[in-house]
>>> print(open('model-v3.csv').read())   # CSV, C-alpha atoms
chain,number,residue,atom,x,y,z
A,1404,MET,CA,0.0,0.0,0.0
A,1405,ALA,CA,1.4,3.4,-1.0
A,1406,LYS,CA,0.5,6.8,0.6
A,1407,ARG,CA,0.8,9.9,-1.6
A,1408,ALA,CA,-0.1,13.5,-1.0
A,1409,LEU,CA,-0.3,16.8,-2.7
A,1410,LEU,CA,-0.2,19.9,-0.5
A,1411,VAL,CA,-1.0,23.3,-2.0
A,1412,GLY,CA,-0.7,26.6,-0.3
A,1413,CYS,CA,-1.5,29.9,-2.0
A,1414,ASN,CA,-0.8,33.2,-0.1
A,1415,TYR,CA,-1.1,35.3,-3.3
A,1416,PRO,CA,1.8,37.6,-2.4
A,1417,LYS,CA,2.0,41.1,-3.9
A,1418,THR,CA,-1.7,41.0,-4.9
A,1419,GLN,CA,-4.9,42.4,-3.6
A,1420,PHE,CA,-5.9,38.9,-2.7
A,1421,ARG,CA,-3.1,38.4,-0.2
A,1422,LEU,CA,-3.5,35.7,2.5
A,1423,TYR,CA,-1.1,34.9,5.3
A,1424,GLY,CA,-1.6,31.4,6.7
A,1425,CYS,CA,-1.7,29.1,3.7
A,1426,ILE,CA,2.0,28.3,3.3
A,1427,ASN,CA,2.2,27.6,7.1
A,1428,ASP,CA,-0.8,25.3,6.7
A,1429,VAL,CA,0.8,23.0,4.2
A,1430,SER,CA,4.2,23.2,6.0
A,1431,GLU,CA,2.6,21.9,9.3
A,1432,MET,CA,0.5,19.4,7.4
A,1433,GLN,CA,3.6,18.0,5.7
A,1434,LYS,CA,5.3,17.5,9.1
A,1435,LEU,CA,2.2,15.7,10.4
A,1436,LEU,CA,2.0,13.4,7.4
A,1437,LEU,CA,5.7,12.4,7.7
A,1438,ASN,CA,5.8,12.0,11.5
A,1439,MET,CA,2.3,10.8,12.4
A,1440,PHE,CA,1.0,9.1,9.3
A,1441,HIS,CA,4.3,7.7,8.0
A,1442,PHE,CA,4.1,9.1,4.5
A,1443,ASN,CA,7.4,8.7,2.6
A,1444,GLU,CA,8.9,12.2,2.0
A,1445,ASN,CA,9.3,11.5,-1.7
A,1446,ASP,CA,5.6,10.8,-2.0
A,1447,VAL,CA,4.5,14.2,-0.5
A,1448,LYS,CA,4.6,16.9,-3.2
A,1449,VAL,CA,4.3,20.6,-2.0
A,1450,LEU,CA,3.3,23.5,-4.2
A,1451,THR,CA,3.4,27.1,-2.7
A,1452,ASP,CA,3.7,30.6,-4.0
A,1453,GLU,CA,6.4,31.7,-1.6
A,1454,LEU,CA,8.4,34.5,-3.3
A,1455,GLY,CA,11.4,33.1,-5.2
A,1456,THR,CA,9.7,29.7,-5.9
A,1457,PRO,CA,10.6,28.4,-9.4
A,1458,PRO,CA,7.8,28.2,-11.9
A,1459,GLU,CA,7.5,24.5,-11.9
A,1460,LYS,CA,6.8,24.5,-8.1
A,1461,LEU,CA,4.2,27.3,-8.1
A,1462,PRO,CA,0.6,26.4,-7.4
A,1463,THR,CA,-0.8,27.2,-10.8
A,1464,ARG,CA,-3.7,25.3,-12.2
A,1465,VAL,CA,-1.4,23.5,-14.7
A,1466,ASN,CA,1.0,22.4,-11.9
A,1467,ILE,CA,-1.8,21.4,-9.5
A,1468,MET,CA,-3.7,19.4,-12.1
A,1469,ALA,CA,-0.6,17.7,-13.4
A,1470,ALA,CA,0.4,16.6,-9.9
A,1471,LEU,CA,-3.2,15.3,-9.2
A,1472,ARG,CA,-3.3,13.4,-12.4
A,1473,LYS,CA,0.1,11.8,-11.7
A,1474,MET,CA,-1.1,10.8,-8.3
A,1475,VAL,CA,-4.3,9.3,-9.6
A,1476,ASP,CA,-2.7,7.6,-12.6
A,1477,GLU,CA,-0.1,5.9,-10.4
A,1478,ALA,CA,-2.6,4.7,-7.8
A,1479,LYS,CA,-3.2,1.0,-7.2
A,1480,ALA,CA,-5.8,-0.8,-5.2
A,1481,GLY,CA,-5.2,-0.2,-1.5
A,1482,ASP,CA,-3.4,3.1,-1.9
A,1483,VAL,CA,-4.2,6.2,0.1
A,1484,LEU,CA,-4.3,9.6,-1.6
A,1485,PHE,CA,-4.5,13.0,0.0
A,1486,PHE,CA,-5.0,16.5,-1.5
A,1487,HIS,CA,-4.8,19.5,0.9
A,1488,PHE,CA,-5.7,22.9,-0.6
A,1489,SER,CA,-5.2,26.1,1.5
A,1490,GLY,CA,-6.2,29.3,-0.3
A,1491,HIS,CA,-9.1,31.2,-1.8
A,1492,GLY,CA,-12.3,29.7,-3.0
A,1493,THR,CA,-15.1,31.1,-5.2
A,1494,THR,CA,-18.5,30.2,-6.7
A,1495,ILE,CA,-19.6,30.4,-10.3
A,1496,SER,CA,-23.2,30.7,-11.2
A,1497,SER,CA,-24.1,29.6,-14.7
A,1498,VAL,CA,-27.2,30.4,-16.7
A,1499,GLU,CA,-27.0,29.1,-20.3
A,1500,PRO,CA,-29.8,29.0,-22.9
A,1501,GLY,CA,-31.7,25.7,-22.7
A,1502,GLN,CA,-29.7,24.6,-19.6
A,1503,PRO,CA,-30.7,24.4,-16.0
A,1504,PHE,CA,-29.2,26.9,-13.5
A,1505,ARG,CA,-25.9,25.6,-12.1
A,1506,GLU,CA,-23.5,26.8,-9.4
A,1507,ASP,CA,-20.0,25.4,-9.4
A,1508,GLU,CA,-17.6,25.7,-6.5
A,1509,ALA,CA,-14.0,26.3,-7.3
A,1510,ILE,CA,-10.6,26.7,-5.7
A,1511,VAL,CA,-8.3,29.5,-6.9
A,1512,PRO,CA,-4.7,28.7,-7.9
A,1513,CYS,CA,-2.1,31.5,-7.7
A,1514,ASP,CA,-2.7,32.3,-11.4
A,1515,LEU,CA,-6.5,32.5,-11.0
A,1516,ASN,CA,-7.1,29.7,-13.5
A,1517,LEU,CA,-9.9,28.0,-11.6
A,1518,ILE,CA,-10.2,24.4,-10.6
A,1519,THR,CA,-13.9,23.5,-10.2
A,1520,ASP,CA,-15.8,20.8,-8.5
A,1521,MET,CA,-16.3,19.2,-12.0
A,1522,ASP,CA,-12.5,18.8,-12.4
A,1523,LEU,CA,-12.2,17.0,-9.1
A,1524,ARG,CA,-15.1,14.7,-9.7
A,1525,HIS,CA,-13.6,13.9,-13.1
A,1526,LEU,CA,-10.4,12.9,-11.4
A,1527,ILE,CA,-12.1,10.7,-8.8
A,1528,GLN,CA,-14.0,8.9,-11.5
A,1529,LYS,CA,-10.6,7.6,-12.8
A,1530,LEU,CA,-9.7,5.8,-9.6
A,1531,ASP,CA,-9.7,2.1,-9.0
A,1532,GLU,CA,-12.7,1.3,-6.7
A,1533,ASN,CA,-10.3,0.3,-3.9
A,1534,VAL,CA,-8.3,3.5,-3.6
A,1535,SER,CA,-9.0,6.0,-0.9
A,1536,PHE,CA,-8.9,9.7,-2.0
A,1537,THR,CA,-9.3,12.3,0.8
A,1538,ILE,CA,-9.6,16.1,0.0
A,1539,LEU,CA,-9.2,18.7,2.7
A,1540,SER,CA,-10.1,22.1,1.3
A,1541,ASP,CA,-9.4,25.1,3.6
A,1542,SER,CA,-11.1,27.7,1.4
A,1543,CYS,CA,-14.4,29.6,1.2
A,1544,TYR,CA,-17.5,27.8,-0.2
A,1545,SER,CA,-15.7,24.5,-0.1
A,1546,GLY,CA,-18.7,22.4,1.0
A,1547,GLY,CA,-19.7,21.6,-2.6
A,1548,MET,CA,-16.3,20.6,-4.1
A,1549,ILE,CA,-17.4,17.0,-4.7
A,1550,ASP,CA,-21.1,17.5,-4.4
A,1551,GLN,CA,-22.2,14.1,-5.6
A,1552,ASN,CA,-21.0,12.6,-2.3
A,1553,LYS,CA,-23.2,11.7,0.5
A,1554,GLU,CA,-23.4,14.4,3.2
A,1555,GLN,CA,-22.4,13.1,6.6
A,1556,ILE,CA,-21.9,16.4,8.4
A,1557,GLY,CA,-23.5,19.2,6.4
A,1558,PRO,CA,-25.2,22.6,6.5
A,1559,THR,CA,-26.5,23.8,9.9
A,1560,ARG,CA,-27.6,27.0,11.6
A,1561,VAL,CA,-26.1,27.8,15.0
A,1562,LYS,CA,-27.6,30.8,16.6
A,1563,SER,CA,-26.2,33.2,19.3
A,1564,ILE,CA,-22.5,32.3,18.8
A,1565,PRO,CA,-20.4,34.9,20.6
A,1566,PRO,CA,-18.1,36.7,18.1
A,1567,PRO,CA,-14.4,35.9,18.0
A,1568,PRO,CA,-12.4,37.7,20.6
A,1569,PRO,CA,-10.8,41.0,19.4
A,1570,GLU,CA,-7.3,39.6,19.6
A,1571,LEU,CA,-8.2,37.1,16.8
A,1572,HIS,CA,-7.5,38.9,13.6
A,1573,PHE,CA,-8.6,37.2,10.4
A,1574,LYS,CA,-9.9,37.7,6.9
A,1575,ALA,CA,-12.1,35.5,4.6
A,1576,ARG,CA,-10.5,33.0,2.2
A,1577,GLY,CA,-12.7,33.8,-0.7
A,1578,ILE,CA,-12.6,36.0,-3.8
A,1579,PRO,CA,-15.9,37.1,-5.5
A,1580,ILE,CA,-16.1,35.9,-9.0
A,1581,GLY,CA,-16.5,39.5,-10.1
A,1582,SER,CA,-13.1,40.4,-8.7
A,1583,ILE,CA,-11.6,37.5,-10.6
A,1584,SER,CA,-13.2,38.7,-13.8
A,1585,HIS,CA,-11.9,42.2,-13.3
A,1586,CYS,CA,-8.4,40.9,-12.6
A,1587,LEU,CA,-8.5,38.7,-15.7
A,1588,LEU,CA,-9.6,41.6,-17.8
A,1589,SER,CA,-6.6,43.6,-16.8
A,1590,VAL,CA,-3.9,41.2,-17.9
A,1591,THR,CA,-1.6,41.8,-20.8
A,1592,SER,CA,-1.3,39.4,-23.6
A,1593,GLY,CA,1.1,36.5,-22.8
A,1594,THR,CA,1.1,37.0,-19.0
A,1595,THR,CA,-0.9,35.3,-16.2
A,1596,PRO,CA,-3.4,37.3,-14.2
A,1597,ILE,CA,-1.2,37.7,-11.2
A,1598,GLU,CA,2.2,36.8,-12.6
A,1599,HIS,CA,4.5,36.1,-9.6
A,1600,GLY,CA,5.7,39.3,-8.1
A,1601,THR,CA,4.8,41.6,-11.0
A,1602,GLU,CA,2.1,44.1,-11.7
A,1603,ALA,CA,-0.2,43.6,-14.7
A,1604,THR,CA,-0.9,46.4,-17.2
A,1605,PRO,CA,-4.6,46.9,-17.8
A,1606,LYS,CA,-5.8,45.8,-21.2
A,1607,PHE,CA,-9.4,45.1,-22.3
A,1608,TRP,CA,-9.9,41.8,-24.2
A,1609,GLY,CA,-13.0,43.2,-26.0
A,1610,ALA,CA,-15.3,40.3,-25.1
A,1611,ILE,CA,-18.5,41.4,-23.3
A,1612,ILE,CA,-20.8,38.7,-22.1
A,1613,GLY,CA,-24.1,38.9,-20.2
A,1614,THR,CA,-23.0,37.2,-17.0
A,1615,VAL,CA,-19.9,37.4,-14.8
A,1616,ALA,CA,-19.6,33.6,-15.0
A,1617,GLY,CA,-19.8,33.8,-18.8
A,1618,LEU,CA,-17.1,36.5,-18.8
A,1619,VAL,CA,-14.7,34.3,-16.8
A,1620,GLY,CA,-15.5,31.3,-19.0
A,1621,ASN,CA,-14.7,33.4,-22.1
A,1622,ILE,CA,-11.5,35.0,-20.9
A,1623,LEU,CA,-9.8,32.0,-19.3
A,1624,PRO,CA,-9.4,30.2,-22.6
A,1625,LEU,CA,-8.1,33.4,-24.2
A,1626,ILE,CA,-5.3,33.4,-21.6
A,1627,PHE,CA,-4.7,29.8,-20.9
A,1628,LYS,CA,-5.9,28.1,-24.2
A,1629,LYS,CA,-7.0,24.5,-23.5
A,1630,ASP,CA,-5.5,24.4,-20.0
A,1631,VAL,CA,-8.8,25.5,-18.3
A,1632,SER,CA,-11.5,23.8,-16.2
A,1633,ILE,CA,-13.9,21.3,-17.8
A,1634,SER,CA,-16.6,23.8,-16.5
A,1635,PHE,CA,-15.4,26.3,-19.1
A,1636,LEU,CA,-15.2,24.0,-22.1
A,1637,PRO,CA,-18.0,24.0,-24.8
A,1638,GLN,CA,-20.9,21.7,-23.9
A,1639,ASN,CA,-20.0,19.1,-26.5
A,1640,GLU,CA,-16.4,18.8,-25.2
A,1641,GLN,CA,-17.7,18.5,-21.6
A,1642,ARG,CA,-20.0,15.7,-22.6
A,1643,ALA,CA,-17.3,13.9,-24.6
A,1644,LEU,CA,-14.9,14.0,-21.6
A,1645,LEU,CA,-17.5,13.0,-19.0
A,1646,SER,CA,-19.0,10.2,-21.1
A,1647,LEU,CA,-15.7,8.4,-21.0
A,1648,LYS,CA,-16.0,7.8,-17.3
A,1649,ARG,CA,-18.4,6.0,-15.1
A,1650,SER,CA,-21.5,7.6,-13.7
A,1651,MET,CA,-21.2,10.6,-11.5
A,1652,SER,CA,-23.5,9.0,-9.0
A,1653,GLU,CA,-20.6,6.6,-8.0
A,1654,ASP,CA,-18.3,9.5,-7.0
A,1655,GLU,CA,-16.9,8.3,-3.6
A,1656,GLY,CA,-14.1,10.7,-2.6
A,1657,ILE,CA,-13.8,11.9,0.9
A,1658,LEU,CA,-14.2,15.7,1.4
A,1659,LEU,CA,-13.4,17.6,4.6
A,1660,SER,CA,-14.4,21.1,3.8
A,1661,ALA,CA,-13.6,24.2,5.9
A,1662,SER,CA,-17.1,25.6,5.5
A,1663,GLN,CA,-20.5,25.1,4.0
A,1664,ALA,CA,-21.0,25.8,0.3
A,1665,ASN,CA,-22.5,29.3,1.1
A,1666,GLU,CA,-20.0,30.3,3.8
A,1667,THR,CA,-16.6,31.9,4.1
A,1668,SER,CA,-13.6,30.4,5.9
A,1669,ALA,CA,-11.2,32.3,8.1
A,1670,ASP,CA,-7.5,33.0,7.5
A,1671,LEU,CA,-6.0,33.7,10.9
A,1672,ARG,CA,-3.2,36.2,11.4
A,1673,GLY,CA,-0.5,35.1,13.9
A,1674,GLY,CA,-1.4,35.5,17.5
A,1675,PRO,CA,-1.4,33.8,20.9
A,1676,LEU,CA,-3.8,31.1,19.8
A,1677,THR,CA,-1.6,29.9,17.0
A,1678,GLY,CA,1.8,30.4,18.6
A,1679,GLY,CA,2.4,33.6,16.6
A,1680,LYS,CA,1.9,31.9,13.2
A,1681,ALA,CA,-0.8,32.7,10.6
A,1682,HIS,CA,-3.0,29.7,9.7
A,1683,GLY,CA,-6.3,28.8,8.2
A,1684,ALA,CA,-8.7,28.4,11.0
A,1685,PHE,CA,-9.9,25.0,9.8
A,1686,THR,CA,-6.5,23.6,9.1
A,1687,TYR,CA,-5.3,24.8,12.5
A,1688,ALA,CA,-8.3,23.1,14.1
A,1689,VAL,CA,-7.6,19.8,12.2
A,1690,LEU,CA,-3.9,19.9,13.1
A,1691,GLN,CA,-4.7,20.5,16.8
A,1692,GLY,CA,-7.3,17.7,16.9
A,1693,LEU,CA,-4.9,15.2,15.3
A,1694,ASP,CA,-1.9,16.2,17.4
A,1695,GLN,CA,-3.9,15.8,20.6
A,1696,LYS,CA,-4.7,12.2,19.6
A,1697,ARG,CA,-1.1,11.1,19.1
A,1698,GLY,CA,-0.6,7.6,20.6
A,1699,GLN,CA,-4.4,7.2,21.1
A,1700,GLU,CA,-7.1,5.6,19.0
A,1701,PRO,CA,-7.1,7.3,15.6
A,1702,LEU,CA,-9.8,9.9,14.9
A,1703,THR,CA,-12.4,8.9,12.3
A,1704,ASN,CA,-13.2,11.3,9.5
A,1705,GLN,CA,-16.5,12.1,11.2
A,1706,ARG,CA,-15.0,12.6,14.6
A,1707,LEU,CA,-12.3,14.8,13.2
A,1708,VAL,CA,-14.7,17.2,11.5
A,1709,LYS,CA,-17.0,17.3,14.5
A,1710,GLU,CA,-14.1,18.3,16.8
A,1711,ALA,CA,-12.9,20.9,14.3
A,1712,ARG,CA,-16.4,22.3,14.1
A,1713,LYS,CA,-16.7,22.5,17.9
A,1714,PHE,CA,-13.2,24.1,18.1
A,1715,LEU,CA,-14.2,26.9,15.7
A,1716,GLN,CA,-17.7,27.3,17.2
A,1717,ASP,CA,-16.1,27.8,20.7
A,1718,LEU,CA,-13.9,30.6,19.2
A,1719,GLY,CA,-16.9,32.3,17.7
A,1720,PHE,CA,-16.3,31.6,14.0
A,1721,GLU,CA,-19.4,31.5,11.8
A,1722,GLN,CA,-18.1,28.7,9.6
A,1723,HIS,CA,-19.2,25.1,9.8
A,1724,PRO,CA,-16.8,22.4,8.5
A,1725,CYS,CA,-18.5,19.6,6.6
A,1726,LEU,CA,-17.9,16.0,5.7
A,1727,TYR,CA,-19.0,14.4,2.5
A,1728,CYS,CA,-18.3,10.6,1.9
A,1729,SER,CA,-19.9,7.2,2.1
A,1730,ASP,CA,-21.1,5.8,5.4
A,1731,GLY,CA,-18.1,3.4,5.6
A,1732,ASN,CA,-15.6,6.2,5.1
A,1733,ALA,CA,-17.3,8.4,7.7
A,1734,ASP,CA,-16.4,5.9,10.3
A,1735,ALA,CA,-12.9,5.1,8.9
A,1736,PRO,CA,-9.8,6.6,10.5
A,1737,PHE,CA,-8.6,9.8,8.8
A,1738,LEU,CA,-6.1,8.9,6.0
A,1739,ALA,CA,-6.5,5.2,6.6
A,1740,HIS,CA,-7.4,2.7,3.9
A,1741,ARG,CA,-10.7,1.0,4.3
A,1742,PRO,CA,-10.7,-2.5,2.7
A,1743,GLY,CA,-13.5,-3.6,0.4
A,1744,PRO,CA,-15.5,-1.9,-2.4
A,1745,ARG,CA,-16.2,1.8,-2.0
A,1746,TYR,CA,-19.6,1.7,-3.7
A,1747,LYS,CA,-22.4,0.7,-1.4
>>> encode(input="model-v3.csv", output="structure tokens")
Amino acid sequence: MAKRALLVGCNYPKTQFRLYGCINDVSEMQKLLLNMFHFNENDVKVLTDELGTPPEKLPTRVNIMAALRKMVDEAKAGDVLFFHFSGHGTTISSVEPGQPFREDEAIVPCDLNLITDMDLRHLIQKLDENVSFTILSDSCYSGGMIDQNKEQIGPTRVKSIPPPPPELHFKARGIPIGSISHCLLSVTSGTTPIEHGTEATPKFWGAIIGTVAGLVGNILPLIFKKDVSISFLPQNEQRALLSLKRSMSEDEGILLSASQANETSADLRGGPLTGGKAHGAFTYAVLQGLDQKRGQEPLTNQRLVKEARKFLQDLGFEQHPCLYCSDGNADAPFLAHRPGPRYK
């Protein structure tokens, strides 16, 4: 049995989307995987946008998807796969003639070339039925990232939660799709929307579409050609890709999301709670929960999310981590392989 992981941290330095805790998140998660879960160092790939990082190690869409495809293509029955994303999220509403209303959730790589829920489900469909694939997304609106999965811990309303104490400084890990559209419209030909450490010169692409989602879907292919989400391909190309795989209803990845699909997630500035380091509130809660159980009975996926949710609720955060997976995987230890068919 092999264990492989991809850890992605996007702080978006020198941009208006700047976060502070994402690189720290993946650094601490890497230590935990190596020391507590016994991953081989060569099987844990890390992509961050720390200043000075070479292009091939930046968390662009192309690099993230290439690493995910490699991990999935090399997986064999019994393997454990883990994808941790720490950064911004967004939602994309789509209204197309003759098509039902659709809202996609997406994570935001450092170049703004979105990875949507459809991309992740398409990857999961390629897996052998006896491979475990866990996604931990510490980003806004992450509750729908593999929305075909069974909801084990889902949306809730908790009233009268005291607000976080004033010493807890944080910002939301989400970018409105309109802000992404504006940034994409301002790029120069041949550069990425937020090229690492540079400023983009405004330039109008000349393509006006009726909706913000349509605008993003039109501009991304202009900049990135065919290296865009399945969600932004023409309908006939989408159908051709998805028809090659098994039915979406069998999608059985394990998703631990930082928030519900309609909620933001907090990026904590360094303070007494976190030992002076900036972190994502959800990742920090997960790390604390796992670290406190060292040497004890492993936490199940369900118990881990419940404890993280309580941790954040006690601090006054209005975000509710969720768990989406099969019944068997809900009761399986976090990052442990559960023998037997996944589809029940």
>>> closest_residue(input="model-v3.csv", among="A:Ser1668, A:Ser1582, A:Asn1639, A:Asn1704", to="Tyr1687 in chain A", atoms="all atoms listed in the file")
A:Ser1668
>>> atom_distance(input="model-v3.csv", atom1="CA of Met1521 in chain A", atom2="CA of Asn1533 in chain A")
21.4 Å
>>> closest_residue(input="model-v3.csv", among="A:Ala1509, A:Cys1425, A:Leu1409, A:Ala1643", to="Gly1492 in chain A", atoms="all atoms listed in the file")
A:Ala1509
>>> atom_distance(input="model-v3.csv", atom1="CA of His1441 in chain A", atom2="CA of Phe1488 in chain A")
20.1 Å
>>> residues_around(input="model-v3.csv", residues="range 1427-1437 of chain A", least_positions_apart="3", cutoff="6 Å", atoms="all atoms listed in the file", output="list in words")
Leu1410, Gly1412, Gly1424, Phe1440, His1441, Phe1442 and His1682 of chain A
>>> residues_around(input="model-v3.csv", residues="Asp1452 in chain A", least_positions_apart="6", cutoff="8 Å", atoms="only C-alpha atoms", output="PyMOL selection string")
chain A and resi 1412-1416+1426+1460-1462+1513+1599
>>> residues_around(input="model-v3.csv", residues="Ser1540 in chain A", least_positions_apart="2", cutoff="8 Å", atoms="all atoms listed in the file", output="list in words")
His1487, Phe1488, Ser1489, Ile1538, Ser1542, Ser1545, Leu1658, Leu1659, Ser1660 and Ala1661 of chain A
>>> residues_around(input="model-v3.csv", residues="Met1474 in chain A", least_positions_apart="5", cutoff="10 Å", atoms="all atoms listed in the file", output="ChimeraX atom specification")
/A:1406-1409,1446,1448,1468-1469,1484-1486
>>> write_last_selection(input="model-v3.csv", atoms="C-alpha atoms", output="mmCIF file, in the frame of the given file")
data_model
loop_
_atom_site.group_PDB
_atom_site.id
_atom_site.type_symbol
_atom_site.label_atom_id
_atom_site.label_comp_id
_atom_site.auth_asym_id
_atom_site.auth_seq_id
_atom_site.Cartn_x
_atom_site.Cartn_y
_atom_site.Cartn_z
ATOM 1 C CA LYS A 1406 0.500 6.800 0.600
ATOM 2 C CA ARG A 1407 0.800 9.900 -1.600
ATOM 3 C CA ALA A 1408 -0.100 13.500 -1.000
ATOM 4 C CA LEU A 1409 -0.300 16.800 -2.700
ATOM 5 C CA ASP A 1446 5.600 10.800 -2.000
ATOM 6 C CA LYS A 1448 4.600 16.900 -3.200
ATOM 7 C CA MET A 1468 -3.700 19.400 -12.100
ATOM 8 C CA ALA A 1469 -0.600 17.700 -13.400
ATOM 9 C CA LEU A 1484 -4.300 9.600 -1.600
ATOM 10 C CA PHE A 1485 -4.500 13.000 0.000
ATOM 11 C CA PHE A 1486 -5.000 16.500 -1.500
#
>>> closest_residue(input="model-v3.csv", among="A:Asp1694, A:Glu1506, A:Asp1541, A:Asp1476", to="Gln1528 in chain A", atoms="all atoms listed in the file")
A:Asp1476
>>> atom_distance(input="model-v3.csv", atom1="CA of Leu1471 in chain A", atom2="CA of Leu1644 in chain A")
17.1 Å
>>> closest_residue(input="model-v3.csv", among="A:Val1465, A:Ala1669, A:Leu1715, A:Ile1580", to="Lys1629 in chain A", atoms="only C-alpha atoms")
A:Val1465
>>> residues_around(input="model-v3.csv", residues="Ile1578 in chain A", least_positions_apart="5", cutoff="9 Å", atoms="all atoms listed in the file", output="mmCIF file with C-alpha atoms, in the coordinates of the input")
data_model
loop_
_atom_site.group_PDB
_atom_site.id
_atom_site.type_symbol
_atom_site.label_atom_id
_atom_site.label_comp_id
_atom_site.auth_asym_id
_atom_site.auth_seq_id
_atom_site.Cartn_x
_atom_site.Cartn_y
_atom_site.Cartn_z
ATOM 1 C CA PHE A 1420 -5.900 38.900 -2.700
ATOM 2 C CA HIS A 1491 -9.100 31.200 -1.800
ATOM 3 C CA GLY A 1492 -12.300 29.700 -3.000
ATOM 4 C CA THR A 1493 -15.100 31.100 -5.200
ATOM 5 C CA THR A 1494 -18.500 30.200 -6.700
ATOM 6 C CA VAL A 1511 -8.300 29.500 -6.900
ATOM 7 C CA CYS A 1543 -14.400 29.600 1.200
ATOM 8 C CA ILE A 1583 -11.600 37.500 -10.600
#
>>> closest_residue(input="model-v3.csv", among="A:Gly1698, A:Pro1457, A:Gly1656, A:Gly1673", to="Phe1536 in chain A", atoms="only C-alpha atoms")
A:Gly1656
>>> closest_residue(input="model-v3.csv", among="A:Asn1443, A:Gln1663, A:Asn1621, A:Thr1703", to="Ser1584 in chain A", atoms="only C-alpha atoms")
A:Asn1621
>>> decode(input="model-v3.csv", residues="range 1722-1735 of chain A", atoms="N, CA and C atoms", output="PDB file, in the first residue's frame")
ATOM      1  N   GLN A1722     -18.327  29.612  10.721  1.00  0.00           N
ATOM      2  CA  GLN A1722     -18.068  28.689   9.622  1.00  0.00           C
ATOM      3  C   GLN A1722     -18.240  27.287  10.157  1.00  0.00           C
ATOM      4  N   HIS A1723     -18.802  26.432   9.333  1.00  0.00           N
ATOM      5  CA  HIS A1723     -19.164  25.094   9.791  1.00  0.00           C
ATOM      6  C   HIS A1723     -18.519  24.045   8.885  1.00  0.00           C
ATOM      7  N   PRO A1724     -17.399  23.462   9.304  1.00  0.00           N
ATOM      8  CA  PRO A1724     -16.775  22.394   8.514  1.00  0.00           C
ATOM      9  C   PRO A1724     -17.765  21.273   8.221  1.00  0.00           C
ATOM     10  N   CYS A1725     -17.625  20.675   7.049  1.00  0.00           N
ATOM     11  CA  CYS A1725     -18.543  19.617   6.613  1.00  0.00           C
ATOM     12  C   CYS A1725     -17.761  18.378   6.181  1.00  0.00           C
ATOM     13  N   LEU A1726     -18.460  17.249   6.153  1.00  0.00           N
ATOM     14  CA  LEU A1726     -17.880  15.986   5.695  1.00  0.00           C
ATOM     15  C   LEU A1726     -18.805  15.366   4.673  1.00  0.00           C
ATOM     16  N   TYR A1727     -18.244  15.011   3.518  1.00  0.00           N
ATOM     17  CA  TYR A1727     -18.993  14.358   2.451  1.00  0.00           C
ATOM     18  C   TYR A1727     -18.274  13.071   2.074  1.00  0.00           C
ATOM     19  N   CYS A1728     -18.928  11.944   2.268  1.00  0.00           N
ATOM     20  CA  CYS A1728     -18.327  10.642   1.934  1.00  0.00           C
ATOM     21  C   CYS A1728     -19.364   9.553   2.144  1.00  0.00           C
ATOM     22  N   SER A1729     -18.986   8.327   1.851  1.00  0.00           N
ATOM     23  CA  SER A1729     -19.865   7.188   2.094  1.00  0.00           C
ATOM     24  C   SER A1729     -19.964   6.913   3.590  1.00  0.00           C
ATOM     25  N   ASP A1730     -20.960   6.107   3.974  1.00  0.00           N
ATOM     26  CA  ASP A1730     -21.118   5.767   5.386  1.00  0.00           C
ATOM     27  C   ASP A1730     -19.872   5.080   5.947  1.00  0.00           C
ATOM     28  N   GLY A1731     -19.319   4.151   5.157  1.00  0.00           N
ATOM     29  CA  GLY A1731     -18.140   3.422   5.638  1.00  0.00           C
ATOM     30  C   GLY A1731     -16.946   4.331   5.842  1.00  0.00           C
ATOM     31  N   ASN A1732     -16.748   5.273   4.929  1.00  0.00           N
ATOM     32  CA  ASN A1732     -15.610   6.181   5.059  1.00  0.00           C
ATOM     33  C   ASN A1732     -15.795   7.196   6.171  1.00  0.00           C
ATOM     34  N   ALA A1733     -17.043   7.496   6.527  1.00  0.00           N
ATOM     35  CA  ALA A1733     -17.284   8.408   7.653  1.00  0.00           C
ATOM     36  C   ALA A1733     -16.717   7.828   8.940  1.00  0.00           C
ATOM     37  N   ASP A1734     -16.842   6.515   9.087  1.00  0.00           N
ATOM     38  CA  ASP A1734     -16.385   5.851  10.306  1.00  0.00           C
ATOM     39  C   ASP A1734     -14.962   5.313  10.208  1.00  0.00           C
ATOM     40  N   ALA A1735     -14.312   5.530   9.069  1.00  0.00           N
ATOM     41  CA  ALA A1735     -12.927   5.077   8.895  1.00  0.00           C
ATOM     42  C   ALA A1735     -11.973   6.106   9.478  1.00  0.00           C
TER      43      ALA A1735
END
